[in-house]
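Below is target-v5.cif, holding mmCIF, C-alpha atoms and all ligand atoms.
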data_data
#
loop_
_atom_site.label_atom_id
_atom_site.label_comp_id
_atom_site.auth_asym_id
_atom_site.auth_seq_id
_atom_site.Cartn_x
_atom_site.Cartn_y
_atom_site.Cartn_z
CA MET L 1 0.00 0.00 0.00
CA HIS L 2 2.82 2.40 0.91
CA ASN L 3 4.22 1.89 -2.64
CA THR L 4 1.45 3.69 -4.49
CA ILE L 5 1.27 7.40 -5.16
CA THR L 6 -0.79 9.81 -7.24
CA GLY L 7 0.72 12.80 -9.04
CA PHE L 8 4.22 11.29 -9.04
CA SER L 9 5.14 12.79 -12.42
CA LYS L 10 4.42 16.29 -11.05
CA LEU L 11 7.01 16.00 -8.25
CA SER L 12 10.48 17.48 -8.72
CA LYS L 13 13.35 15.09 -9.40
CA SER L 14 14.60 15.23 -5.83
CA GLU L 15 11.08 14.76 -4.45
CA LYS L 16 10.70 11.70 -6.66
CA ILE L 17 13.97 10.28 -5.38
CA ASP L 18 13.01 10.97 -1.77
CA TRP L 19 9.69 9.19 -2.23
CA ILE L 20 11.37 6.22 -3.92
CA VAL L 21 14.10 5.72 -1.34
CA ASN L 22 11.81 6.31 1.62
CA THR L 23 9.17 3.86 0.46
CA HIS L 24 11.27 1.10 -1.16
CA PHE L 25 14.63 0.95 0.63
CA SER L 26 15.74 0.43 4.19
CA ASN L 27 19.15 1.99 3.66
CA THR L 28 17.87 5.23 2.15
CA GLU L 29 21.24 7.02 2.03
CA HIS L 30 22.90 4.13 0.21
CA ALA L 31 20.10 3.98 -2.39
CA LYS L 32 20.20 7.72 -2.88
CA ASN L 33 23.97 7.66 -3.34
CA ILE L 34 23.76 5.00 -6.04
CA ILE L 35 21.09 6.97 -7.88
CA LYS L 36 23.11 10.16 -7.70
CA GLN L 37 26.41 8.49 -8.55
CA TYR L 38 25.19 8.14 -12.13
CA TRP L 39 24.19 11.77 -12.58
CA ASN L 40 26.27 13.69 -15.06
CA SER L 41 28.21 16.62 -13.65
CA ASP L 42 27.36 18.64 -16.76
CA SER L 43 23.90 19.85 -15.79
CA LYS L 44 22.88 20.66 -19.37
CA LEU L 45 23.76 17.17 -20.52
CA GLN L 46 21.92 15.73 -17.54
CA GLN L 47 18.85 17.79 -18.34
CA LEU L 48 18.93 16.52 -21.92
CA HIS L 49 18.82 12.95 -20.65
CA ASP L 50 16.20 13.78 -18.02
CA GLU L 51 13.92 15.02 -20.76
CA PHE L 52 14.16 11.97 -23.02
CA ILE L 53 11.53 10.21 -20.89
CA GLU L 54 9.19 10.90 -18.01
CA ASN L 55 10.20 10.40 -14.36
CA THR L 56 13.95 10.18 -15.01
CA ILE L 57 15.79 9.80 -11.73
CA THR L 58 19.24 8.87 -13.02
CA ASN L 59 21.13 7.42 -16.00
CA TYR L 60 21.59 3.75 -16.77
CA TYR L 61 25.06 3.09 -18.16
CA LEU L 62 25.93 0.39 -20.66
CA PRO L 63 29.44 -0.07 -22.01
CA PHE L 64 29.98 1.61 -25.37
CA GLY L 65 32.67 -0.38 -27.17
CA VAL L 66 33.99 -0.54 -30.71
CA ALA L 67 34.81 -3.40 -33.06
CA PRO L 68 37.46 -2.29 -35.58
CA ASN L 69 38.59 -3.74 -38.93
CA PHE L 70 35.22 -4.35 -40.55
CA LEU L 71 35.68 -4.38 -44.30
CA ILE L 72 32.24 -3.77 -45.86
CA ASN L 73 31.84 -3.33 -49.62
CA GLY L 74 35.54 -2.43 -49.80
CA LYS L 75 35.37 0.26 -47.08
CA THR L 76 36.78 -0.12 -43.57
CA PHE L 77 34.59 0.60 -40.55
CA THR L 78 35.03 0.75 -36.80
CA ILE L 79 31.63 -0.30 -35.51
CA PRO L 80 30.24 1.17 -32.27
CA MET L 81 28.42 -1.26 -29.99
CA ALA L 82 26.46 -0.61 -26.79
CA ILE L 83 26.03 -3.87 -24.90
CA GLU L 84 26.55 -5.43 -21.48
CA GLU L 85 27.40 -9.00 -22.55
CA SER L 86 31.13 -9.44 -22.11
CA SER L 87 32.02 -11.49 -25.20
CA VAL L 88 30.04 -9.69 -27.92
CA VAL L 89 32.50 -6.96 -28.95
CA ALA L 90 35.42 -9.37 -28.77
CA ALA L 91 33.58 -11.86 -30.99
CA ALA L 92 32.65 -9.16 -33.52
CA SER L 93 36.24 -7.94 -33.67
CA LYS L 94 37.52 -11.48 -34.19
CA ALA L 95 35.07 -12.14 -37.02
CA ALA L 96 35.92 -8.78 -38.60
CA LYS L 97 39.61 -9.64 -38.55
CA PHE L 98 39.00 -13.14 -39.92
CA TRP L 99 37.06 -11.82 -42.93
CA PHE L 100 39.28 -8.76 -43.46
CA ASN L 101 41.86 -10.95 -45.19
CA ARG L 102 39.27 -13.01 -47.03
CA GLY L 103 37.52 -10.32 -49.06
CA GLY L 104 35.50 -8.72 -46.28
CA PHE L 105 31.72 -8.45 -46.07
CA LYS L 106 29.40 -7.59 -48.93
CA ALA L 107 26.09 -5.95 -48.09
CA GLU L 108 23.24 -4.64 -50.17
CA VAL L 109 19.86 -3.10 -49.41
CA VAL L 110 17.18 -5.10 -51.21
CA SER L 111 14.17 -2.85 -50.53
CA THR L 112 13.16 0.00 -48.21
CA LYS L 113 9.35 0.01 -48.07
CA LYS L 114 7.63 0.45 -44.73
CA VAL L 115 4.03 -0.25 -43.80
CA GLY L 116 1.34 1.44 -41.75
CA GLN L 117 -2.30 0.54 -41.30
CA VAL L 118 -5.59 2.17 -40.41
CA HIS L 119 -7.72 -0.57 -38.85
CA PHE L 120 -11.46 -0.05 -39.02
CA ASN L 121 -14.86 -1.74 -38.89
CA TYR L 122 -17.49 -1.39 -41.56
CA SER L 123 -21.01 -2.77 -41.38
CA GLY L 124 -22.10 -2.38 -45.03
CA LYS L 125 -21.37 -4.26 -48.24
CA PRO L 126 -17.71 -4.75 -49.23
CA GLU L 127 -18.44 -3.51 -52.76
CA THR L 128 -19.98 -0.26 -51.45
CA LEU L 129 -16.85 0.31 -49.37
CA ARG L 130 -14.60 -0.41 -52.34
CA GLN L 131 -16.36 2.18 -54.50
CA PHE L 132 -16.28 4.70 -51.67
CA PHE L 133 -12.56 4.06 -51.16
CA GLU L 134 -11.79 4.76 -54.85
CA THR L 135 -13.56 8.13 -54.70
CA VAL L 136 -12.02 9.12 -51.36
CA LYS L 137 -8.44 8.02 -52.13
CA PRO L 138 -7.32 11.34 -53.75
CA LYS L 139 -8.57 13.20 -50.66
CA LEU L 140 -6.67 10.82 -48.37
CA ILE L 141 -3.50 11.80 -50.21
CA SER L 142 -4.18 15.54 -50.59
CA GLU L 143 -5.12 16.03 -46.94
CA THR L 144 -1.76 14.71 -45.78
CA GLU L 145 0.13 17.22 -47.92
CA SER L 146 1.31 19.36 -45.03
CA ILE L 147 2.77 16.24 -43.39
CA THR L 148 4.32 14.72 -46.53
CA LYS L 149 5.76 17.92 -48.06
CA SER L 150 9.23 17.83 -46.54
CA MET L 151 9.50 14.03 -46.78
CA GLU L 152 8.66 14.29 -50.49
CA LYS L 153 11.44 16.86 -50.93
CA ARG L 154 13.82 14.22 -49.59
CA GLY L 155 12.45 11.68 -52.10
CA GLY L 156 10.15 9.83 -49.70
CA GLY L 157 6.44 9.86 -48.95
CA ILE L 158 3.33 7.73 -49.38
CA LEU L 159 3.87 5.04 -52.02
CA ASP L 160 0.39 3.53 -52.22
CA ILE L 161 -2.81 3.04 -50.24
CA GLU L 162 -4.71 -0.19 -50.49
CA LEU L 163 -8.07 -1.16 -49.04
CA ARG L 164 -7.90 -4.65 -47.56
CA ASP L 165 -10.95 -6.71 -46.76
CA LYS L 166 -10.11 -8.77 -43.65
CA THR L 167 -13.66 -9.91 -42.91
CA LYS L 168 -12.71 -13.56 -43.46
CA ASP L 169 -10.41 -13.28 -40.42
CA LEU L 170 -12.58 -11.00 -38.31
CA GLU L 171 -16.15 -9.80 -38.76
CA ARG L 172 -16.49 -6.25 -40.21
CA TYR L 173 -12.70 -5.77 -40.15
CA TYR L 174 -11.06 -3.78 -42.95
CA GLN L 175 -7.83 -1.85 -43.20
CA LEU L 176 -6.06 0.78 -45.19
CA HIS L 177 -2.72 -0.88 -45.83
CA VAL L 178 -0.23 1.82 -46.74
CA HIS L 179 3.32 1.66 -48.05
CA PHE L 180 5.79 4.42 -47.20
CA GLU L 181 9.31 5.42 -48.17
CA THR L 182 10.96 7.33 -45.33
CA LYS L 183 14.52 7.76 -46.70
CA ASP L 184 17.01 8.44 -43.87
CA ALA L 185 14.36 8.61 -41.14
CA MET L 186 13.11 5.53 -39.32
CA GLY L 187 9.81 7.24 -40.06
CA ALA L 188 7.60 6.20 -37.13
CA ASN L 189 6.33 9.73 -36.46
CA PHE L 190 5.89 10.51 -40.14
CA ILE L 191 3.97 7.28 -40.79
CA ASN L 192 1.77 7.59 -37.71
CA SER L 193 0.94 11.22 -38.49
CA CYS L 194 -0.09 10.30 -42.05
CA LEU L 195 -2.18 7.38 -40.78
CA GLU L 196 -4.00 9.48 -38.20
CA GLN L 197 -4.82 12.03 -40.91
CA PHE L 198 -6.10 9.22 -43.18
CA ALA L 199 -8.35 8.09 -40.34
CA ILE L 200 -9.79 11.60 -39.88
CA THR L 201 -10.47 11.98 -43.61
CA LEU L 202 -11.90 8.48 -43.91
CA LYS L 203 -14.26 8.92 -40.98
CA ARG L 204 -15.46 12.36 -42.11
CA GLU L 205 -16.04 11.26 -45.71
CA ALA L 206 -17.82 8.11 -44.54
CA GLU L 207 -20.18 10.16 -42.41
CA ASN L 208 -20.91 12.38 -45.44
CA SER L 209 -21.39 9.82 -48.15
CA LEU L 210 -21.09 6.16 -47.13
CA GLU L 211 -23.99 3.85 -46.50
CA GLY L 212 -23.44 1.83 -43.30
CA ASP L 213 -21.31 2.49 -40.20
CA LEU L 214 -17.55 2.94 -40.47
CA ASN L 215 -15.65 2.98 -37.18
CA ILE L 216 -11.96 3.67 -36.88
CA ILE L 217 -10.30 1.28 -34.40
CA MET L 218 -6.70 2.46 -34.59
CA SER L 219 -3.97 3.84 -36.83
CA ILE L 220 -0.37 2.70 -36.40
CA LEU L 221 2.76 1.76 -38.31
CA SER L 222 3.75 -1.88 -38.52
CA ASN L 223 7.08 -2.99 -37.11
CA TYR L 224 6.89 -5.96 -39.47
CA VAL L 225 8.97 -4.73 -42.41
CA PRO L 226 9.54 -7.69 -44.75
CA GLU L 227 9.93 -5.20 -47.61
CA CYS L 228 12.65 -3.18 -45.85
CA VAL L 229 15.37 -5.76 -46.20
CA VAL L 230 19.15 -5.87 -46.35
CA ARG L 231 21.41 -8.74 -47.40
CA ALA L 232 24.87 -9.34 -45.94
CA GLU L 233 27.29 -11.98 -47.10
CA VAL L 234 30.80 -13.38 -46.81
CA SER L 235 32.46 -15.91 -49.05
CA CYS L 236 35.86 -17.44 -49.74
CA SER L 237 37.28 -20.66 -51.06
CA VAL L 238 37.05 -23.52 -48.56
CA GLU L 239 40.87 -23.83 -48.34
CA LYS L 240 41.03 -20.30 -46.95
CA LEU L 241 38.96 -21.27 -43.89
CA THR L 242 42.13 -21.83 -41.89
CA GLY L 243 43.03 -21.31 -38.26
CA ASN L 244 40.10 -23.16 -36.70
CA LYS L 245 41.73 -24.84 -33.73
CA GLY L 246 42.55 -28.39 -34.71
CA ILE L 247 40.13 -28.95 -37.55
CA SER L 248 40.81 -28.75 -41.27
CA PRO L 249 39.17 -26.06 -43.43
CA LYS L 250 36.98 -28.71 -45.12
CA GLU L 251 35.82 -30.19 -41.82
CA PHE L 252 35.18 -26.70 -40.47
CA ALA L 253 33.02 -25.79 -43.49
CA GLU L 254 31.02 -29.02 -43.11
CA LYS L 255 30.42 -28.61 -39.39
CA PHE L 256 29.60 -24.93 -39.78
CA ILE L 257 27.04 -25.58 -42.54
CA GLN L 258 25.49 -28.40 -40.52
CA ALA L 259 25.18 -26.04 -37.54
CA VAL L 260 23.32 -23.54 -39.75
CA ARG L 261 21.08 -26.30 -41.14
CA ILE L 262 20.19 -27.39 -37.62
CA ALA L 263 19.05 -23.83 -36.89
CA GLU L 264 17.05 -23.85 -40.13
CA VAL L 265 15.00 -26.89 -39.07
CA GLU L 266 15.00 -26.82 -35.25
CA PRO L 267 13.24 -23.88 -33.56
CA TYR L 268 14.87 -24.48 -30.13
CA ARG L 269 18.25 -24.00 -31.75
CA ALA L 270 17.04 -21.30 -34.16
CA VAL L 271 16.02 -19.01 -31.29
CA THR L 272 19.49 -19.17 -29.71
CA HIS L 273 21.19 -18.94 -33.09
CA ASN L 274 19.19 -15.80 -33.93
CA LYS L 275 19.73 -14.43 -30.42
CA GLY L 276 23.45 -14.49 -31.20
CA ILE L 277 22.78 -12.53 -34.40
CA MET L 278 20.77 -10.00 -32.38
CA ASN L 279 23.73 -9.62 -29.98
CA GLY L 280 25.50 -7.85 -32.84
CA ILE L 281 22.48 -6.14 -34.30
CA ASP L 282 21.01 -4.71 -31.09
CA ALA L 283 24.39 -3.41 -29.94
CA VAL L 284 24.83 -1.28 -33.07
CA VAL L 285 21.14 -0.33 -33.21
CA LEU L 286 21.38 0.91 -29.63
CA ALA L 287 24.70 2.72 -30.12
CA THR L 288 23.26 4.55 -33.13
CA GLY L 289 20.12 5.62 -31.25
CA ASN L 290 17.68 3.37 -33.08
CA ASP L 291 14.68 1.48 -31.78
CA PHE L 292 15.94 -2.01 -30.89
CA ARG L 293 12.49 -3.21 -29.79
CA ALA L 294 11.09 -2.44 -33.22
CA VAL L 295 14.02 -4.21 -34.84
CA GLU L 296 13.70 -7.24 -32.54
CA ALA L 297 9.95 -7.60 -33.12
CA GLY L 298 10.32 -7.27 -36.89
CA VAL L 299 13.27 -9.61 -37.16
CA HIS L 300 11.70 -12.45 -35.18
CA ALA L 301 8.43 -12.18 -37.13
CA TYR L 302 10.52 -12.40 -40.30
CA ALA L 303 12.30 -15.47 -38.94
CA SER L 304 8.91 -17.22 -38.73
CA ARG L 305 7.53 -16.06 -42.06
CA GLN L 306 7.48 -19.62 -43.48
CA GLY L 307 5.23 -20.76 -40.62
CA SER L 308 7.92 -22.08 -38.31
CA TYR L 309 10.70 -20.18 -36.52
CA SER L 310 13.94 -20.63 -38.41
CA SER L 311 17.53 -19.44 -38.83
CA LEU L 312 18.07 -15.99 -40.30
CA THR L 313 21.44 -17.03 -41.73
CA HIS L 314 22.24 -19.61 -44.37
CA ALA L 315 25.43 -21.29 -45.56
CA GLU L 316 26.61 -23.49 -48.41
CA VAL L 317 29.64 -24.68 -50.30
CA ASP L 318 29.22 -24.27 -54.02
CA ASN L 319 32.07 -25.18 -56.39
CA GLY L 320 34.58 -25.07 -53.56
CA ILE L 321 33.38 -21.66 -52.40
CA PHE L 322 32.09 -21.32 -48.85
CA LYS L 323 29.25 -18.79 -48.66
CA PHE L 324 27.50 -17.52 -45.54
CA TRP L 325 24.68 -14.98 -45.78
CA MET L 326 21.63 -13.43 -44.23
CA GLU L 327 18.67 -11.36 -45.33
CA ILE L 328 17.12 -9.37 -42.57
CA PRO L 329 14.45 -6.67 -42.22
CA LEU L 330 15.74 -3.49 -40.56
CA ALA L 331 13.85 -0.22 -40.18
CA LEU L 332 16.58 2.24 -39.18
CA GLY L 333 17.10 5.97 -39.24
CA THR L 334 20.11 8.26 -39.30
CA VAL L 335 18.07 11.45 -38.96
CA GLY L 336 15.35 12.29 -36.45
CA GLY L 337 14.71 10.62 -33.10
CA LEU L 338 17.75 10.43 -30.82
CA THR L 339 20.19 10.75 -33.73
CA SER L 340 20.57 14.51 -33.47
CA LEU L 341 19.98 14.74 -29.71
CA HIS L 342 22.12 12.20 -27.90
CA PRO L 343 25.81 13.23 -28.02
CA LEU L 344 27.05 9.63 -27.96
CA VAL L 345 24.67 8.62 -30.71
CA LYS L 346 25.95 11.52 -32.81
CA LEU L 347 29.50 10.38 -32.10
CA ALA L 348 28.63 6.79 -33.07
CA LEU L 349 27.21 7.98 -36.39
CA GLN L 350 30.27 10.16 -36.99
CA LEU L 351 32.49 7.17 -36.26
CA LEU L 352 30.66 5.36 -39.06
CA GLY L 353 31.16 8.32 -41.41
CA ASN L 354 27.60 9.67 -41.00
CA PRO L 355 25.95 6.90 -42.99
CA SER L 356 22.61 7.11 -44.79
CA ALA L 357 19.88 4.86 -43.39
CA LYS L 358 20.64 2.39 -46.20
CA GLU L 359 24.35 2.31 -45.31
CA LEU L 360 23.48 1.86 -41.66
CA MET L 361 21.22 -1.08 -42.60
CA GLU L 362 24.24 -2.66 -44.31
CA ILE L 363 26.56 -2.05 -41.36
CA VAL L 364 24.05 -3.40 -38.82
CA ALA L 365 23.34 -6.51 -40.90
CA VAL L 366 27.07 -7.15 -41.18
CA ALA L 367 27.46 -6.85 -37.40
CA GLY L 368 24.75 -9.51 -37.03
CA LEU L 369 26.30 -11.84 -39.58
CA ALA L 370 29.75 -11.41 -38.02
CA GLN L 371 28.38 -12.23 -34.60
CA ASN L 372 26.72 -15.39 -35.86
CA PHE L 373 29.92 -16.40 -37.66
CA ALA L 374 31.94 -15.94 -34.47
CA ALA L 375 29.42 -17.88 -32.37
CA LEU L 376 29.19 -20.82 -34.79
CA ARG L 377 32.95 -20.86 -35.23
CA SER L 378 33.42 -21.24 -31.47
CA LEU L 379 30.52 -23.64 -31.03
CA THR L 380 31.72 -26.01 -33.74
CA THR L 381 35.37 -25.96 -32.65
CA THR L 382 36.39 -25.09 -29.08
CA GLY L 383 32.92 -24.63 -27.59
CA ILE L 384 31.57 -21.31 -26.43
CA GLN L 385 32.69 -21.34 -22.80
CA GLU L 386 36.40 -20.92 -23.42
CA GLY L 387 35.97 -17.45 -24.91
CA HIS L 388 32.98 -16.54 -22.75
CA MET L 389 34.66 -17.37 -19.47
CA LYS L 390 37.84 -15.51 -20.47
CA MET L 391 35.72 -12.43 -21.07
CA HIS L 392 33.67 -13.11 -17.95
CA LEU L 393 36.83 -13.29 -15.83
CA MET L 394 36.85 -9.52 -15.29
CA ASN L 395 33.22 -9.61 -14.09
CA ILE L 396 34.10 -12.32 -11.55
CA LEU L 397 37.16 -10.35 -10.41
CA ASN L 398 35.03 -7.25 -9.95
CA GLN L 399 32.49 -9.24 -7.93
CA LEU L 400 35.37 -10.35 -5.71
CA GLU L 401 36.52 -6.73 -5.46
CA ALA L 402 39.97 -7.57 -6.82
CA THR L 403 42.60 -4.82 -6.73
CA PRO L 404 44.38 -3.77 -9.96
CA HIS L 405 47.42 -5.83 -8.90
CA GLU L 406 45.26 -8.92 -8.18
CA LYS L 407 43.55 -8.49 -11.55
CA GLU L 408 46.88 -8.43 -13.33
CA VAL L 409 48.20 -11.55 -11.59
CA ILE L 410 44.97 -13.51 -12.00
CA THR L 411 44.42 -12.64 -15.69
CA THR L 412 47.99 -13.73 -16.43
CA HIS L 413 47.36 -16.99 -14.58
CA PHE L 414 44.17 -17.69 -16.55
CA LYS L 415 45.85 -17.17 -19.91
CA THR L 416 46.99 -20.77 -19.48
CA HIS L 417 44.25 -22.16 -17.21
CA THR L 418 40.54 -22.84 -17.66
CA VAL L 419 38.34 -20.13 -16.19
CA SER L 420 35.48 -21.13 -13.91
CA HIS L 421 33.89 -19.20 -11.05
CA SER L 422 35.33 -21.55 -8.43
CA ALA L 423 38.80 -21.59 -10.03
CA VAL L 424 38.91 -17.79 -9.87
CA VAL L 425 37.75 -17.77 -6.23
CA GLU L 426 40.43 -20.34 -5.41
CA ALA L 427 43.13 -18.37 -7.23
CA ILE L 428 42.29 -15.12 -5.50
CA LYS L 429 42.14 -16.86 -2.09
CA GLU L 430 45.62 -18.25 -2.63
CA LEU L 431 46.95 -14.90 -3.79
CA ARG L 432 45.47 -13.12 -0.78
CA ALA L 433 46.78 -15.79 1.58
CA LYS L 434 50.31 -15.30 0.18
CA ALA L 435 50.02 -11.53 0.59
C1 LIG X 501 25.18 -15.94 -26.46
O1 LIG X 501 24.80 -14.64 -26.10
C2 LIG X 501 24.89 -16.20 -27.92
C3 LIG X 501 25.12 -17.63 -28.40
O2 LIG X 501 24.41 -18.54 -27.58
C4 LIG X 501 24.65 -17.70 -29.81
C5 LIG X 501 24.62 -19.09 -30.39
O3 LIG X 501 24.46 -20.07 -29.65
O4 LIG X 501 24.71 -19.17 -31.64
C6 LIG X 501 26.57 -17.99 -28.28
#
Rewrite the coordinates I just gave you, this time as structure tokens.
Ligand code: MEV
Amino acid sequence: MHNTITGFSKLSKSEKIDWIVNTHFSNTEHAKNIIKQYWNSDSKLQQLHDEFIENTITNYYLPFGVAPNFLINGKTFTIPMAIEESSVVAAASKAAKFWFNRGGFKAEVVSTKKVGQVHFNYSGKPETLRQFFETVKPKLISETESITKSMEKRGGGILDIELRDKTKDLERYYQLHVHFETKDAMGANFINSCLEQFAITLKREAENSLEGDLNIIMSILSNYVPECVVRAEVSCSVEKLTGNKGISPKEFAEKFIQAVRIAEVEPYRAVTHNKGIMNGIDAVVLATGNDFRAVEAGVHAYASRQGSYSSLTHAEVDNGIFKFWMEIPLALGTVGGLTSLHPLVKLALQLLGNPSAKELMEIVAVAGLAQNFAALRSLTTTGIQEGHMKMHLMNILNQLEATPHEKEVITTHFKTHTVSHSAVVEAIKELRAKA
């Protein structure tokens, strides 16, 4: 009961913090200190972050790392990644290096159409609605002119509006299914504004001249973007797949391809396989200020488009050439949203040479493919734990509050020993006993 409050959003930041610590924590000073520890000393920068969302009390840090040496379509990139999982940046860097000397990554945007829908009910005859739609369509377009003007200047806008009869799935249910081109913007605001205007026009015109009741249910973009797709690929002759701890290039190619095939047919494996891809994708999407939830939702829907959840990547050997590729839907922006607001996002985009949305789609897809390559390479050779635990070592040492000297000694020790939580505890105990 003591945890509920009305009018919380109207309190000042310090009043909010007082209420939180007083009602949820026994050690109020300790809680308050942690919250405040993450405030930025630059009050303008802090205010900027405070105003991104409602009820901000502090900042939540994630490491911002970089993976260098990515050769993409002949150009070299250092890719920014925001992620907490210890092995992701290391794995990306390893994969980048591996492919740097084998022709690098090729990436290409296949299509960039986005979709939004006005969902509505109609009680009359489908044919009456169809005729009405044809007469009202020019008005739907013309009444969005003030919204579409600047997007059209940039080469984007509304591509087409279609009336879809969905009454077989749900009684009285119809939709305006609309395609958009949003150029360098992710386009959510643009699309939603157009859709809400369509709904207003549709409703008004229906009241004036349509027989039967038309009721708008909702207007919203779709995060399913199977027509906003990018393809990323690597390839090299099988003999060049060297350096895979104890197995020959041919054996490596075979095991690798079988691992991909397993993910193509087995959903339990496919989910983990694709999760590894998203390790790379989300990290770059987040670093560049894009909406990772939208990307996640769209990607996983795409992974099930054949009716069963499957691998996003594919691999084959054709005429002695090993090929590994992925097609993935990505709705990304390099203008609008956080891209011009968040200083680190701006820096991330600068680091990438201020890419267009299409170029960013290519870079992000490559980060995903690289991540999957690194994961499968480890899984089919040494196993994943060797690399993971090495990277996790620092987390364990921090949990044990190791000093810089202890960290140095212990990391040197584990260069030649297998890392496990208990082995690290043992090693630090011994070291401390000696001291
Ligand atoms: C861990 O975050 C990701 C992996 O499990 C991906 C995979 O299994 O392919 C290593």
- Message: Please list as number ranges by chain every residue within 12 Å of segment 121-130 of chain L, counting all atoms listed in the file and excluding residues in the same chain fewer than 6 positions away.
- Response: L: 136-137, 162-168, 170-176, 199, 202-203, 205-207, 209-218
- Task: Tell me which of L:Ser12, L:Pro226, L:Met186, L:Ile410 sits closest to Gly337 of chain L, counting only C-alpha atoms.
- Result: L:Met186
- Item | Residue contacts of Lys429 of chain L (12 Å, all atoms listed in the file) excluding same-chain residues fewer than 5 positions away, as a list in words | Leu397, Leu400, Ala402, Glu406, Ile410, Ser422, Ala423, Val424, Lys434 and Ala435 of chain L
- Message: Could you list the protein, DNA and RNA residues that have any atom within 8 Å of ligand LIG 501 (chain X), counting all atoms listed in the file, and write them as a PyMOL selection string?
- Response: chain L and resi 85+87-88+269+272-277+279+372+375-376+379+384
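Near (20.8, 4.8, -14.8), the residues inside the 10 Å limit, counting only C-alpha atoms, come to Ile34, Ile35, Lys36, Gln37, Tyr38, Trp39, Thr56, Ile57, Thr58, Asn59, Tyr60, Tyr61 and Leu62 of chain L.
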- atom CA of Glu181 of chain L sits from atom CA of Lys113 of chain L at a separation of 5.4 Å
- Message: Can you tell me which residues surround Lys390 of chain L at a distance of at most 10 Å, considering only C-alpha atoms, apart from same-chain residues fewer than 4 positions away, and format the answer as a count of residues only?
- Response: 13
Using 12 Å as the limit and counting only C-alpha atoms, can you tabulate each residue of segment 318-411 of chain L that touches segment 227-248 of chain L, with its shortest atom-to-atom distance in Å and the two atoms involved, as JSON lines?
{"residue": "L:Asp318", "atom": "CA", "partner": "L:Ser237", "partner_atom": "CA", "distance": 9.3}
{"residue": "L:Asn319", "atom": "CA", "partner": "L:Ser237", "partner_atom": "CA", "distance": 8.7}
{"residue": "L:Gly320", "atom": "CA", "partner": "L:Ser237", "partner_atom": "CA", "distance": 5.7}
{"residue": "L:Ile321", "atom": "CA", "partner": "L:Ser237", "partner_atom": "CA", "distance": 4.2}
{"residue": "L:Phe322", "atom": "CA", "partner": "L:Ser235", "partner_atom": "CA", "distance": 5.4}
{"residue": "L:Lys323", "atom": "CA", "partner": "L:Ser235", "partner_atom": "CA", "distance": 4.3}
{"residue": "L:Phe324", "atom": "CA", "partner": "L:Val234", "partner_atom": "CA", "distance": 5.4}
{"residue": "L:Trp325", "atom": "CA", "partner": "L:Glu233", "partner_atom": "CA", "distance": 4.2}
{"residue": "L:Met326", "atom": "CA", "partner": "L:Ala232", "partner_atom": "CA", "distance": 5.5}
{"residue": "L:Glu327", "atom": "CA", "partner": "L:Arg231", "partner_atom": "CA", "distance": 4.3}
{"residue": "L:Ile328", "atom": "CA", "partner": "L:Val229", "partner_atom": "CA", "distance": 5.4}
{"residue": "L:Pro329", "atom": "CA", "partner": "L:Val229", "partner_atom": "CA", "distance": 4.2}
{"residue": "L:Leu330", "atom": "CA", "partner": "L:Val229", "partner_atom": "CA", "distance": 6.1}
{"residue": "L:Ala331", "atom": "CA", "partner": "L:Cys228", "partner_atom": "CA", "distance": 6.5}
{"residue": "L:Leu332", "atom": "CA", "partner": "L:Cys228", "partner_atom": "CA", "distance": 9.5}
{"residue": "L:Ala357", "atom": "CA", "partner": "L:Cys228", "partner_atom": "CA", "distance": 11.1}
{"residue": "L:Lys358", "atom": "CA", "partner": "L:Val230", "partner_atom": "CA", "distance": 8.4}
{"residue": "L:Glu359", "atom": "CA", "partner": "L:Val230", "partner_atom": "CA", "distance": 9.7}
{"residue": "L:Leu360", "atom": "CA", "partner": "L:Val230", "partner_atom": "CA", "distance": 10.0}
{"residue": "L:Met361", "atom": "CA", "partner": "L:Val230", "partner_atom": "CA", "distance": 6.4}
{"residue": "L:Glu362", "atom": "CA", "partner": "L:Val230", "partner_atom": "CA", "distance": 6.4}
{"residue": "L:Ile363", "atom": "CA", "partner": "L:Ala232", "partner_atom": "CA", "distance": 8.8}
{"residue": "L:Val364", "atom": "CA", "partner": "L:Ala232", "partner_atom": "CA", "distance": 9.3}
{"residue": "L:Ala365", "atom": "CA", "partner": "L:Ala232", "partner_atom": "CA", "distance": 6.0}
{"residue": "L:Val366", "atom": "CA", "partner": "L:Ala232", "partner_atom": "CA", "distance": 5.7}
{"residue": "L:Ala367", "atom": "CA", "partner": "L:Ala232", "partner_atom": "CA", "distance": 9.3}
{"residue": "L:Gly368", "atom": "CA", "partner": "L:Ala232", "partner_atom": "CA", "distance": 8.9}
{"residue": "L:Leu369", "atom": "CA", "partner": "L:Ala232", "partner_atom": "CA", "distance": 7.0}
{"residue": "L:Ala370", "atom": "CA", "partner": "L:Val234", "partner_atom": "CA", "distance": 9.1}
{"residue": "L:Asn372", "atom": "CA", "partner": "L:Glu233", "partner_atom": "CA", "distance": 11.8}
{"residue": "L:Phe373", "atom": "CA", "partner": "L:Val234", "partner_atom": "CA", "distance": 9.7}
{"residue": "L:Ala374", "atom": "CA", "partner": "L:Asn244", "partner_atom": "CA", "distance": 11.1}
{"residue": "L:Leu376", "atom": "CA", "partner": "L:Asn244", "partner_atom": "CA", "distance": 11.3}
{"residue": "L:Arg377", "atom": "CA", "partner": "L:Asn244", "partner_atom": "CA", "distance": 7.7}
{"residue": "L:Ser378", "atom": "CA", "partner": "L:Asn244", "partner_atom": "CA", "distance": 8.7}
{"residue": "L:Leu379", "atom": "CA", "partner": "L:Asn244", "partner_atom": "CA", "distance": 11.1}
{"residue": "L:Thr380", "atom": "CA", "partner": "L:Asn244", "partner_atom": "CA", "distance": 9.3}
{"residue": "L:Thr381", "atom": "CA", "partner": "L:Lys245", "partner_atom": "CA", "distance": 6.5}
{"residue": "L:Thr382", "atom": "CA", "partner": "L:Lys245", "partner_atom": "CA", "distance": 7.1}
{"residue": "L:Gly383", "atom": "CA", "partner": "L:Lys245", "partner_atom": "CA", "distance": 10.7}
